[in-house]
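Enquirer: My structure is below; once you've seen it, I'll send some questions.
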Amino acid sequence: SRRIGGRAMLVVTRAWLELGLADSALAELDHLSERWYDIGALSPESRFLRGEALSALGREETARAERRALLAGYPTHPLAFLALERIVTHHVDAGQRELARLEGDQALATLARTLQNHRDPGVQREAMLTRTRLLDRLGPATAADSSAFDVFERFPDDSAAQVTLLDRLDLWPPEAQADAALWRARIASRSMAPEVRARARRSPISGE
């Protein structure tokens with residue numbers, strides 16, 4: 001069936017990408033679209049993986065077009081948030097500061113609209129986490145910190161929210177670590193993940 005066969009082909013595509021064989025991944029996606037004109041619920045992942053493969057091959061403009069198509073067609077899909085992040089971080093990684101700023105401003109505005117218009121907790125979570133990661137790359141640090149606090153306060157029992165805040169706390173200077181320790185204690189008291197609790201209880205300075 002399309003659902004089972006198509007899903008298997010996407011698994012193969014991911015395997016090719018993990019092996020660094022983006023051309024083979026792209027060929028698998030081409031085969032998928034040739035076999036089924038309408039791949040239905042598999043379309044978001046297919047578009048995302050095509051963007052990943054094209055980017056790996058250095059075809060960044062085409063990759064960006066695939067990612068924008070994903071955002072337009074499935075704006076609240078988890079992979080759409082990751083695609084939005086990829087558009088911005090490509091410019092950051094390439095040292096294209098002005099393009100990074102322009103794309104970053106546009107992405108942050110998109111996320112603000114999403115948070116305003118969608119009340120679904122899953123969508124809110126993805127949008128807030130994505131916003132924090134983008135601000136971490138774009139700055140300023142205070143905005144990234146504020147966003148990390150927001151997502152933790154909104155989803156205090158969520159491991160991704162906890163780790164996101166820990167990542168920010170680890171960047172605080174030594175003189176601020178006493179305040180950071182209070183937040184780490186809160187994270188340790190809420191986390192159900194042993195590795196997150198252990199990290200929250202460990203000093204970033206001493207490593208103990």
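Identifiers in the structure tokens: chain A, B, ... in order shown; residue index from 1 per chain; ligand index from 1 in order shown.
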Do a neighbour search on Asp23 in chain A at 9 Å with only C-alpha atoms, toss out local chain neighbours closer than 5 positions, and write the hits as a PyMOL selection string.

Expert: chain A and resi 16-17+28+53-54+56-57

Enquirer: Each residue of range 132-184 of chain A lying at most 9 Å from range 122-126 of chain A should get a row with its shortest atom-to-atom pair and the distance in Å to one decimal, counting only C-alpha atoms; could you produce that, ordered by chain and increasing number, as a tab-separated table?

Expert:
residue	atom	partner	partner_atom	distance
A:Val151	CA	A:Arg125	CA	7.1
A:Arg154	CA	A:Arg125	CA	8.3
A:Phe155	CA	A:Arg125	CA	7.5
A:Ala161	CA	A:Arg125	CA	8.4

Enquirer: Suppose you want the space between CA of His31 in chain A and CA of Arg7 in chain A; what is it in Å?

Expert: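 Separating CA of His31 in chain A from CA of Arg7 in chain A is a distance of 12.7 Å.
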
Enquirer: Against range 198-201 of chain A, which residues of range 55-166 of chain A fall within 9 Å? For each one I want the closest pair of atoms and the distance in Å (one decimal), counting only C-alpha atoms, rows by chain and increasing residue number, as JSON lines.

Expert:
{"residue": "A:Gln162", "atom": "CA", "partner": "A:Ala200", "partner_atom": "CA", "distance": 8.9}
{"residue": "A:Val163", "atom": "CA", "partner": "A:Ala200", "partner_atom": "CA", "distance": 8.8}
{"residue": "A:Leu166", "atom": "CA", "partner": "A:Ala200", "partner_atom": "CA", "distance": 7.0}

Enquirer: For the residues in the current selection, export N, CA and C atoms as a short mmCIF file (atom, residue, chain, number, x, y, z; two decimals), in the first residue's frame.

Expert:
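Written file, result.cif:
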data_model
loop_
_atom_site.label_atom_id
_atom_site.label_comp_id
_atom_site.auth_asym_id
_atom_site.auth_seq_id
_atom_site.Cartn_x
_atom_site.Cartn_y
_atom_site.Cartn_z
N GLN A 162 13.11 21.53 29.29
CA GLN A 162 14.08 21.50 30.38
C GLN A 162 15.51 21.59 29.83
N VAL A 163 15.80 20.81 28.80
CA VAL A 163 17.14 20.81 28.22
C VAL A 163 17.44 22.16 27.57
N LEU A 166 18.43 24.43 30.32
CA LEU A 166 19.77 24.07 30.81
C LEU A 166 20.86 24.55 29.87
#

Enquirer: Quick one: residues within 9 Å of Leu102 in chain A, only C-alpha atoms, excluding same-chain residues fewer than 5 positions away - as a PDB file with all heavy atoms, in the first residue's frame?

Expert:
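Result file part-v7.pdb:
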ATOM      1  N   VAL A  88      17.130  29.657   8.152  1.00  0.00           N
ATOM      2  CA  VAL A  88      17.883  30.705   8.828  1.00  0.00           C
ATOM      3  C   VAL A  88      19.310  30.256   9.136  1.00  0.00           C
ATOM      4  O   VAL A  88      20.279  30.972   8.851  1.00  0.00           O
ATOM      5  CB  VAL A  88      17.173  31.131  10.127  1.00  0.00           C
ATOM      6  CG1 VAL A  88      17.986  32.197  10.858  1.00  0.00           C
ATOM      7  CG2 VAL A  88      15.775  31.638   9.825  1.00  0.00           C
ATOM      8  N   ARG A  97      25.726  37.285   7.277  1.00  0.00           N
ATOM      9  CA  ARG A  97      25.098  37.936   8.420  1.00  0.00           C
ATOM     10  C   ARG A  97      23.830  38.702   8.046  1.00  0.00           C
ATOM     11  O   ARG A  97      22.833  38.645   8.764  1.00  0.00           O
ATOM     12  CB  ARG A  97      26.103  38.872   9.098  1.00  0.00           C
ATOM     13  CG  ARG A  97      27.293  38.133   9.691  1.00  0.00           C
ATOM     14  CD  ARG A  97      28.299  39.085  10.319  1.00  0.00           C
ATOM     15  NE  ARG A  97      27.708  39.870  11.397  1.00  0.00           N
ATOM     16  CZ  ARG A  97      28.353  40.814  12.060  1.00  0.00           C
ATOM     17  NH1 ARG A  97      29.609  41.116  11.736  1.00  0.00           N
ATOM     18  NH2 ARG A  97      27.758  41.466  13.041  1.00  0.00           N
ATOM     19  N   ALA A 107      11.463  34.769  10.114  1.00  0.00           N
ATOM     20  CA  ALA A 107      11.117  33.528  10.816  1.00  0.00           C
ATOM     21  C   ALA A 107      10.520  33.816  12.187  1.00  0.00           C
ATOM     22  O   ALA A 107       9.524  33.193  12.590  1.00  0.00           O
ATOM     23  CB  ALA A 107      12.354  32.650  10.949  1.00  0.00           C
TER      24      ALA A 107
END

Enquirer: Identify which of the residues A:Leu26, A:Leu82, A:Ala180, A:Ala112 lies closest to Asp167 in chain A, counting only C-alpha atoms when measuring atom-to-atom distances.

Expert: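 Of A:Leu26, A:Leu82, A:Ala180, A:Ala112, the one nearest Asp167 in chain A, counting only C-alpha atoms, is A:Ala180.
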
Enquirer: Got a sec: who's within 10 Å of Val196 in chain A, counting only C-alpha atoms, leaving out chain neighbours fewer than 6 positions off, as a PyMOL selection string?

Expert: chain A and resi 159-160+162-163+166+184+187-188+190+202

Enquirer: Calculated over only C-alpha atoms, which of the candidates A:Leu135, A:Leu169, A:Val11, A:Ala27 has the smallest distance to Glu45 in chain A?

Expert: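 Ranked by minimum distance to Glu45 in chain A, first place goes to A:Val11.
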
Enquirer: Ranking A:Ala144, A:Leu79, A:Ala127, A:Met9 by minimum distance to Trp36 in chain A and counting only C-alpha atoms, which one comes first?

Expert: A:Met9

Enquirer: Could you work out how far CA of His90 in chain A lies from CA of Arg64 in chain A, giving the answer in Å with one decimal?

Expert: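 Taking CA of Arg64 in chain A as the start and CA of His90 in chain A as the end point, the length is 9.6 Å.
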
Enquirer: Which is closer to Leu108 in chain A than all the others in A:Gly51, A:Pro44, A:Gly20, A:Gly139, using only C-alpha atoms?

Expert: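 Between A:Gly51, A:Pro44, A:Gly20, A:Gly139, the residue approaching Leu108 in chain A most closely is A:Gly139.
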
Enquirer: Record the distance separating CA of Pro75 in chain A and CA of Glu52 in chain A, expressed in Å with one decimal.

Expert: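 CA of Glu52 in chain A lies 17.6 Å from CA of Pro75 in chain A.
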
Enquirer: Tell me, which residues of range 22-196 of chain A carry DSSP alpha helix (DSSP H), written as a ChimeraX atom specification?

Expert: /A:22-35,43-56,60-73,78-93,97-117,121-138,141-154,159-169,177-190,194-196

Enquirer: List the neighbours of Leu111 in chain A out to 9 Å using only C-alpha atoms; skip same-chain residues closer than 4 positions along the sequence, and give me the result as a PyMOL selection string.

Expert: chain A and resi 81+106-107+115-116+127-128+130-131

Enquirer: Considering only C-alpha atoms, state which residue in the set A:Arg47, A:His118, A:Leu134, A:Ser189 is at the smallest distance from Ile87 in chain A.

Expert: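 Closest residue, counting only C-alpha atoms: A:Leu134.
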
Enquirer: Looking at only C-alpha atoms, which of A:Gly5, A:Glu18, A:Ala94, A:Leu171 is the one that sits closest to Ala141 in chain A?

Expert: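 Once distances to Ala141 in chain A are computed over only C-alpha atoms, the minimum belongs to A:Leu171.
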
Enquirer: What's around Leu10 in chain A at 9 Å? Count only C-alpha atoms, leave out sequence neighbours fewer than 4 positions away in its own chain, and write the answer as a list in words.

Expert: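 The contact residues come out as Gly5, Gly6, Arg14, Ala15, Ala25, Glu28, Leu29, Leu32, Leu42, Glu45, Ser46 and Leu49 of chain A.
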
Enquirer: Write out as a list in words which residues come within 8 Å of Arg68 in chain A when counting only C-alpha atoms, dropping same-chain ones fewer than 4 positions away.

Expert: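 Here the answer would be Arg64, Ala72, Ala83 and Leu84 of chain A.
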